[in-house]
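Below is one structure, written out as structure tokens; comments come after it.
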Amino acid sequence: MLLENKTMKTKKILLCLITTLVSIIFVGCGVTVQNLTPLKIPTNPSNIYTFSCKAKINQSELIFDTHKVNLVINGEVLPMAQAGDGANHYTYDYKLPIGQNTAFYYYKVDYKFGTGDEYQYREYSSSIFETQLINRYVVELESKRGPVGSKVGIIGRGFSQTDIIVFNKREIDTEFYSPFSIGFSVPNLSPRNNYQIALRTDQGDLSIGDFYIDSASFNVIPGLVNLASGQRDILIFQLYSEAPESGLYIDVTTDVPDSIIMDEVIIPGGMKQVTVKVEGGTPGKGTLYMKAAGFGTVQVPLQVH
């Protein structure tokens, strides 16, 4: 009998432990919280920022209208209000202390559930979230497409002279105009493609968006090269916009390489044209083929007599 009582007592203890464990696991298991506050928020003069979340209690025996959603930040427990776009959306406009640029916070949900006059009180706390204030952000590109070499401005806030534009994951020359405006020249990349642009700052990279490079063209004067052997002349290479800061290299080839002598063609950065000396070589007739990255190919007839 003594052994039987001891066994029953042991079962009761185990049952009690299991019940307690289930109760502990259940606390919060019926609650889902989704943080809707951005990881980075642009600063504003009022220093008031909206914290928001979606909180849902998945409990069939929830006592109606007994749940409360709170924002816990800087040691304060603040009651959140339901937003107008849905019953599960809650917000709170919080004024951060002056000088605080990083906020750590979490959400606490209190609710009652049960049947009849009997109910239980439950409390659920979410994980801790972090939000940072940024005093610089990009508003927009002045244009989202253009040919190689074209100037593009960016309007925003908090730009500095150390900021660099990253075009297709490559840093390019950046012009600083003011804390509210910077610019760049479209680099030599293949046309008819979209490329990602970002702003590289001392606080990390900020995405700007995509830029589409249109096909560009250049002009060659004269449109026909007609020389006597040993005669010298010039070719003028013209762009419709300024060359990129790094300069624009134009590759010149011909099917009669012995018939012409000429220097390498590079339009300096910021310039729209360059003049190159040419000299007639061995008599012959053919074509000059001229191309540059991001530009179409220009063909000029060549005749040396």
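In the structure tokens, each chain is lettered A, B, ... as it comes, each chain's residues begin at 1, and ligands are numbered from 1 in order of appearance.
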Shell of 7 Å around Ile250 (chain A), only C-alpha atoms, local chain residues under 3 positions omitted, as a list in words | Val265, Ile266, Met290, Lys291 and Ala292 of chain A
Once DSSP has gone over the backbone, tell me which residues of region 79-277 of chain A are in strand (DSSP E or B), as a compact mmCIF listing (two decimals) with N, CA and C atoms, in the first residue's frame.
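Wrote it out as out.txt, contents follow:
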```txt
# COMPACT_ATOMS: atom_id res chain seq x y z
N PRO A 79 1.33 52.37 -24.44
CA PRO A 79 0.21 51.71 -25.12
C PRO A 79 0.10 52.13 -26.57
N ALA A 81 -1.78 52.28 -30.36
CA ALA A 81 -3.15 52.43 -30.87
C ALA A 81 -3.29 51.66 -32.16
N GLN A 82 -4.51 51.18 -32.42
CA GLN A 82 -4.78 50.48 -33.67
C GLN A 82 -4.78 51.47 -34.83
N HIS A 89 -3.01 45.99 -36.80
CA HIS A 89 -1.91 46.93 -37.02
C HIS A 89 -1.91 47.97 -35.91
N TYR A 90 -0.76 48.13 -35.23
CA TYR A 90 -0.66 49.04 -34.10
C TYR A 90 0.52 50.00 -34.31
N THR A 91 0.34 51.24 -33.85
CA THR A 91 1.38 52.25 -34.02
C THR A 91 1.54 53.08 -32.75
N TYR A 92 2.72 53.71 -32.67
CA TYR A 92 2.96 54.67 -31.59
C TYR A 92 3.97 55.70 -32.09
N ASP A 93 3.64 56.97 -31.96
CA ASP A 93 4.55 58.05 -32.33
C ASP A 93 5.39 58.42 -31.10
N TYR A 94 6.68 58.12 -31.19
CA TYR A 94 7.56 58.29 -30.04
C TYR A 94 8.62 59.35 -30.34
N LYS A 95 8.82 60.26 -29.38
CA LYS A 95 9.84 61.29 -29.51
C LYS A 95 11.12 60.81 -28.86
N THR A 102 20.16 55.65 -32.12
CA THR A 102 19.83 54.23 -32.21
C THR A 102 18.80 53.88 -31.14
N ALA A 103 17.77 53.17 -31.55
CA ALA A 103 16.71 52.79 -30.60
C ALA A 103 16.61 51.27 -30.52
N PHE A 104 16.62 50.76 -29.29
CA PHE A 104 16.37 49.34 -29.03
C PHE A 104 15.00 49.24 -28.37
N TYR A 105 14.17 48.34 -28.84
CA TYR A 105 12.80 48.28 -28.35
C TYR A 105 12.21 46.89 -28.61
N TYR A 106 11.08 46.62 -27.96
CA TYR A 106 10.35 45.40 -28.23
C TYR A 106 8.86 45.65 -27.98
N TYR A 107 8.04 44.69 -28.33
CA TYR A 107 6.59 44.81 -28.17
C TYR A 107 6.11 43.83 -27.10
N LYS A 108 5.16 44.29 -26.29
CA LYS A 108 4.58 43.45 -25.24
C LYS A 108 3.08 43.38 -25.45
N VAL A 109 2.56 42.16 -25.48
CA VAL A 109 1.13 41.93 -25.69
C VAL A 109 0.53 41.33 -24.42
N ASP A 110 -0.46 41.99 -23.84
CA ASP A 110 -1.18 41.48 -22.67
C ASP A 110 -2.59 41.09 -23.10
N TYR A 111 -3.07 39.95 -22.60
CA TYR A 111 -4.42 39.54 -22.97
C TYR A 111 -4.98 38.55 -21.95
N LYS A 112 -6.30 38.38 -21.99
CA LYS A 112 -6.99 37.42 -21.14
C LYS A 112 -7.69 36.39 -22.03
N PHE A 113 -7.72 35.14 -21.56
CA PHE A 113 -8.48 34.13 -22.29
C PHE A 113 -9.11 33.19 -21.28
N GLY A 114 -10.18 32.56 -21.71
CA GLY A 114 -10.91 31.64 -20.85
C GLY A 114 -12.37 31.57 -21.27
N THR A 115 -13.17 30.91 -20.43
CA THR A 115 -14.60 30.78 -20.70
C THR A 115 -15.38 31.13 -19.43
N GLU A 118 -14.31 32.35 -15.63
CA GLU A 118 -12.94 31.95 -15.37
C GLU A 118 -12.05 32.41 -16.53
N TYR A 119 -10.96 33.05 -16.22
CA TYR A 119 -10.03 33.50 -17.26
C TYR A 119 -8.62 33.49 -16.70
N GLN A 120 -7.68 33.49 -17.61
CA GLN A 120 -6.27 33.56 -17.25
C GLN A 120 -5.63 34.76 -17.94
N TYR A 121 -4.67 35.33 -17.27
CA TYR A 121 -3.96 36.51 -17.78
C TYR A 121 -2.63 36.05 -18.40
N ARG A 122 -2.38 36.51 -19.61
CA ARG A 122 -1.15 36.12 -20.29
C ARG A 122 -0.40 37.37 -20.75
N GLU A 123 0.91 37.22 -20.83
CA GLU A 123 1.77 38.33 -21.27
C GLU A 123 2.83 37.77 -22.21
N TYR A 124 2.98 38.43 -23.36
CA TYR A 124 3.96 37.96 -24.36
C TYR A 124 4.89 39.12 -24.72
N SER A 125 6.20 38.85 -24.78
CA SER A 125 7.18 39.85 -25.19
C SER A 125 7.90 39.38 -26.45
N PHE A 129 14.29 44.60 -31.08
CA PHE A 129 14.57 45.14 -32.41
C PHE A 129 15.45 46.38 -32.29
N GLU A 130 16.09 46.72 -33.40
CA GLU A 130 16.96 47.90 -33.43
C GLU A 130 16.63 48.75 -34.66
N THR A 131 16.54 50.05 -34.45
CA THR A 131 16.32 51.00 -35.54
C THR A 131 17.33 52.13 -35.41
N GLN A 132 17.91 52.54 -36.54
CA GLN A 132 18.88 53.61 -36.55
C GLN A 132 18.34 54.82 -37.30
N LEU A 133 18.67 56.00 -36.79
CA LEU A 133 18.33 57.24 -37.49
C LEU A 133 19.45 57.59 -38.46
N ILE A 134 19.09 58.04 -39.64
CA ILE A 134 20.09 58.46 -40.62
C ILE A 134 19.84 59.92 -40.96
N TYR A 137 19.88 60.92 -46.80
CA TYR A 137 19.13 59.98 -47.61
C TYR A 137 18.92 60.56 -49.00
N VAL A 138 18.81 59.68 -49.97
CA VAL A 138 18.64 60.08 -51.36
C VAL A 138 17.18 60.31 -51.65
N VAL A 139 16.88 61.43 -52.26
CA VAL A 139 15.50 61.70 -52.65
C VAL A 139 15.23 61.14 -54.03
N GLU A 140 16.03 61.55 -55.02
CA GLU A 140 15.81 61.03 -56.37
C GLU A 140 16.96 61.38 -57.29
N LEU A 141 17.05 60.61 -58.37
CA LEU A 141 17.95 60.94 -59.47
C LEU A 141 17.27 61.98 -60.34
N ARG A 145 18.05 57.70 -66.96
CA ARG A 145 18.65 57.11 -68.14
C ARG A 145 19.46 58.17 -68.89
N GLY A 146 20.41 57.72 -69.69
CA GLY A 146 21.24 58.64 -70.45
C GLY A 146 22.41 57.90 -71.07
N PRO A 147 23.11 58.53 -72.01
CA PRO A 147 24.25 57.89 -72.66
C PRO A 147 25.51 58.01 -71.83
N LYS A 151 25.94 63.94 -67.75
CA LYS A 151 25.97 64.36 -66.36
C LYS A 151 24.62 64.06 -65.70
N VAL A 152 24.67 63.48 -64.52
CA VAL A 152 23.45 63.14 -63.79
C VAL A 152 23.56 63.69 -62.37
N GLY A 153 22.53 64.40 -61.93
CA GLY A 153 22.51 64.93 -60.58
C GLY A 153 21.66 64.08 -59.65
N ILE A 154 21.99 64.13 -58.36
CA ILE A 154 21.23 63.42 -57.34
C ILE A 154 20.83 64.43 -56.26
N ILE A 155 19.55 64.47 -55.96
CA ILE A 155 19.05 65.38 -54.94
C ILE A 155 18.80 64.59 -53.66
N GLY A 156 19.22 65.12 -52.52
CA GLY A 156 19.03 64.41 -51.26
C GLY A 156 19.31 65.31 -50.08
N ARG A 157 19.90 64.73 -49.05
CA ARG A 157 20.16 65.46 -47.83
C ARG A 157 21.37 64.88 -47.12
N ILE A 164 30.78 58.82 -52.21
CA ILE A 164 31.18 58.32 -53.53
C ILE A 164 30.01 57.55 -54.14
N ILE A 165 29.77 57.79 -55.43
CA ILE A 165 28.76 57.03 -56.16
C ILE A 165 29.34 55.69 -56.58
N VAL A 166 28.59 54.63 -56.33
CA VAL A 166 28.98 53.29 -56.76
C VAL A 166 28.06 52.88 -57.90
N PHE A 167 28.64 52.73 -59.07
CA PHE A 167 27.89 52.42 -60.28
C PHE A 167 28.25 51.01 -60.72
N ARG A 170 31.05 49.52 -58.78
CA ARG A 170 32.36 50.13 -58.98
C ARG A 170 32.31 51.60 -58.61
N GLU A 171 33.27 52.05 -57.79
CA GLU A 171 33.30 53.46 -57.42
C GLU A 171 33.68 54.31 -58.63
N ILE A 172 32.96 55.43 -58.81
CA ILE A 172 33.24 56.33 -59.93
C ILE A 172 33.44 57.74 -59.39
N THR A 174 32.86 61.34 -58.35
CA THR A 174 31.63 61.96 -57.84
C THR A 174 31.88 63.45 -57.62
N GLU A 175 30.94 64.27 -58.05
CA GLU A 175 31.04 65.72 -57.88
C GLU A 175 30.14 66.17 -56.74
N PHE A 176 30.73 66.86 -55.78
CA PHE A 176 29.98 67.39 -54.63
C PHE A 176 29.61 68.84 -54.92
N TYR A 177 28.29 69.12 -54.92
CA TYR A 177 27.81 70.48 -55.16
C TYR A 177 27.42 71.16 -53.85
N SER A 178 26.70 70.44 -53.00
CA SER A 178 26.23 70.98 -51.72
C SER A 178 25.74 69.82 -50.87
N SER A 181 22.99 68.14 -52.86
CA SER A 181 23.11 67.76 -54.27
C SER A 181 24.52 67.27 -54.58
N ILE A 182 24.60 66.13 -55.30
CA ILE A 182 25.86 65.63 -55.84
C ILE A 182 25.59 65.16 -57.27
N GLY A 183 26.64 64.78 -58.00
CA GLY A 183 26.44 64.34 -59.38
C GLY A 183 27.56 63.43 -59.84
N PHE A 184 27.37 62.86 -61.03
CA PHE A 184 28.37 61.97 -61.60
C PHE A 184 28.21 61.95 -63.12
N SER A 185 29.22 61.44 -63.80
CA SER A 185 29.16 61.22 -65.24
C SER A 185 28.96 59.74 -65.49
N ASN A 193 21.37 48.67 -71.15
CA ASN A 193 21.33 47.86 -69.94
C ASN A 193 21.01 48.72 -68.73
N ASN A 194 20.40 48.10 -67.71
CA ASN A 194 20.16 48.74 -66.42
C ASN A 194 21.33 48.42 -65.49
N TYR A 195 21.74 49.43 -64.70
CA TYR A 195 22.82 49.24 -63.74
C TYR A 195 22.39 49.79 -62.39
N GLN A 196 22.81 49.11 -61.32
CA GLN A 196 22.46 49.55 -59.97
C GLN A 196 23.41 50.66 -59.51
N ILE A 197 22.81 51.63 -58.80
CA ILE A 197 23.60 52.75 -58.28
C ILE A 197 23.40 52.81 -56.77
N ALA A 198 24.48 53.11 -56.05
CA ALA A 198 24.41 53.27 -54.59
C ALA A 198 25.28 54.46 -54.18
N LEU A 199 25.00 54.97 -53.00
CA LEU A 199 25.81 56.04 -52.42
C LEU A 199 26.65 55.44 -51.31
N ARG A 200 27.97 55.51 -51.45
CA ARG A 200 28.89 54.96 -50.44
C ARG A 200 29.27 56.06 -49.46
N THR A 201 28.90 55.88 -48.19
CA THR A 201 29.16 56.86 -47.16
C THR A 201 29.99 56.23 -46.05
N GLY A 204 28.08 53.40 -44.47
CA GLY A 204 27.66 52.27 -45.28
C GLY A 204 27.07 52.72 -46.61
N ASP A 205 26.59 51.77 -47.39
CA ASP A 205 26.02 52.06 -48.69
C ASP A 205 24.52 52.27 -48.60
N LEU A 206 24.04 53.28 -49.32
CA LEU A 206 22.60 53.54 -49.44
C LEU A 206 22.19 53.32 -50.89
N SER A 207 21.22 52.47 -51.12
CA SER A 207 20.76 52.18 -52.48
C SER A 207 20.06 53.40 -53.07
N ILE A 208 20.37 53.71 -54.33
CA ILE A 208 19.72 54.81 -55.04
C ILE A 208 18.69 54.29 -56.03
N GLY A 209 19.03 53.24 -56.76
CA GLY A 209 18.10 52.69 -57.75
C GLY A 209 18.85 52.23 -58.98
N ASP A 210 18.12 52.12 -60.08
CA ASP A 210 18.69 51.66 -61.34
C ASP A 210 18.85 52.82 -62.32
N PHE A 211 19.87 52.72 -63.16
CA PHE A 211 20.10 53.71 -64.22
C PHE A 211 20.28 52.95 -65.53
N TYR A 212 19.57 53.42 -66.57
CA TYR A 212 19.62 52.76 -67.88
C TYR A 212 20.55 53.55 -68.79
N ILE A 213 21.56 52.87 -69.35
CA ILE A 213 22.47 53.52 -70.27
C ILE A 213 21.96 53.37 -71.70
N ASP A 214 21.67 54.51 -72.32
CA ASP A 214 21.23 54.52 -73.71
C ASP A 214 22.43 54.46 -74.64
N ALA A 216 24.96 55.71 -77.29
CA ALA A 216 25.50 57.04 -77.60
C ALA A 216 26.23 56.97 -78.94
N PHE A 218 29.26 59.25 -81.58
CA PHE A 218 30.22 60.34 -81.73
C PHE A 218 30.39 60.64 -83.22
N ASN A 219 30.95 61.77 -83.50
CA ASN A 219 31.09 62.23 -84.88
C ASN A 219 32.56 62.35 -85.24
N VAL A 220 32.90 62.06 -86.50
CA VAL A 220 34.27 62.18 -86.98
C VAL A 220 34.29 63.11 -88.18
N ILE A 221 35.17 64.10 -88.14
CA ILE A 221 35.31 65.08 -89.23
C ILE A 221 36.76 65.06 -89.72
N VAL A 225 38.64 60.25 -95.51
CA VAL A 225 40.07 60.53 -95.43
C VAL A 225 40.69 60.23 -96.78
N ASN A 226 41.18 61.29 -97.43
CA ASN A 226 41.77 61.17 -98.78
C ASN A 226 43.13 61.85 -98.74
N LEU A 227 44.21 61.05 -98.74
CA LEU A 227 45.56 61.58 -98.57
C LEU A 227 46.49 61.06 -99.65
N ARG A 232 50.02 64.98 -94.53
CA ARG A 232 49.50 65.03 -93.17
C ARG A 232 48.19 65.83 -93.12
N ASP A 233 47.34 65.42 -92.22
CA ASP A 233 46.05 66.11 -92.04
C ASP A 233 45.59 65.85 -90.60
N ILE A 234 44.37 66.24 -90.30
CA ILE A 234 43.83 66.00 -88.95
C ILE A 234 42.46 65.36 -89.04
N LEU A 235 42.12 64.63 -87.96
CA LEU A 235 40.76 64.10 -87.77
C LEU A 235 40.24 64.69 -86.46
N ILE A 236 38.98 65.12 -86.46
CA ILE A 236 38.35 65.68 -85.26
C ILE A 236 37.29 64.69 -84.77
N PHE A 237 37.43 64.26 -83.51
CA PHE A 237 36.46 63.35 -82.89
C PHE A 237 35.59 64.18 -81.94
N GLN A 238 34.29 64.16 -82.15
CA GLN A 238 33.36 64.99 -81.38
C GLN A 238 32.34 64.14 -80.65
N LEU A 239 32.06 64.53 -79.37
CA LEU A 239 30.98 63.92 -78.59
C LEU A 239 29.84 64.92 -78.45
N LEU A 248 37.72 59.18 -72.53
CA LEU A 248 37.07 58.21 -73.42
C LEU A 248 38.07 57.75 -74.46
N TYR A 249 38.42 56.48 -74.41
CA TYR A 249 39.33 55.88 -75.40
C TYR A 249 38.53 55.41 -76.60
N ILE A 250 38.96 55.81 -77.79
CA ILE A 250 38.32 55.38 -79.03
C ILE A 250 39.29 54.47 -79.77
N ASP A 251 38.86 53.25 -79.96
CA ASP A 251 39.69 52.25 -80.64
C ASP A 251 39.53 52.40 -82.14
N VAL A 252 40.66 52.59 -82.85
CA VAL A 252 40.63 52.79 -84.30
C VAL A 252 41.38 51.64 -84.96
N THR A 253 40.72 50.95 -85.86
CA THR A 253 41.34 49.87 -86.65
C THR A 253 41.02 50.11 -88.12
N THR A 254 41.74 49.40 -89.00
CA THR A 254 41.51 49.54 -90.43
C THR A 254 41.89 48.25 -91.15
N ILE A 260 47.92 54.19 -93.32
CA ILE A 260 47.71 55.38 -92.49
C ILE A 260 48.51 55.27 -91.19
N ILE A 261 49.01 56.42 -90.77
CA ILE A 261 49.74 56.52 -89.51
C ILE A 261 49.01 57.55 -88.64
N MET A 262 48.63 57.16 -87.42
CA MET A 262 47.92 58.10 -86.55
C MET A 262 48.16 57.74 -85.08
N VAL A 265 43.71 57.63 -79.85
CA VAL A 265 42.64 58.61 -79.71
C VAL A 265 42.02 58.50 -78.31
N ILE A 266 42.18 59.55 -77.52
CA ILE A 266 41.57 59.63 -76.19
C ILE A 266 40.98 61.02 -76.03
N ILE A 267 39.69 61.10 -75.80
CA ILE A 267 39.06 62.39 -75.50
C ILE A 267 39.18 62.60 -74.00
N GLN A 273 35.65 67.09 -77.46
CA GLN A 273 36.31 66.71 -78.71
C GLN A 273 37.81 66.66 -78.54
N VAL A 274 38.46 66.03 -79.52
CA VAL A 274 39.91 65.97 -79.55
C VAL A 274 40.33 65.94 -81.02
N THR A 275 41.50 66.52 -81.31
CA THR A 275 42.05 66.55 -82.66
C THR A 275 43.25 65.63 -82.74
N VAL A 276 43.29 64.77 -83.76
CA VAL A 276 44.35 63.79 -83.91
C VAL A 276 45.00 63.95 -85.29
N LYS A 277 46.34 63.94 -85.33
CA LYS A 277 47.06 64.04 -86.60
C LYS A 277 47.11 62.69 -87.30
```
So how far away is CA of Thr66 (chain A) from CA of Gln34 (chain A), in Å?
->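 Spanning CA of Gln34 (chain A) to CA of Thr66 (chain A) is a straight-line distance of 20.0 Å.
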Best match for closeness to Thr297 (chain A) among A:Asn74, A:Ser217, A:Met271, A:Gln231, counting only C-alpha atoms =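 That would be A:Ser217, the residue with the smallest distance to Thr297 (chain A).
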Of the candidates A:Ala87, A:Leu224, A:Ile41, A:Ala55, which one gets nearest to Arg136 (chain A) if we count only C-alpha atoms?
->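 Closest residue, counting only C-alpha atoms: A:Ile41.
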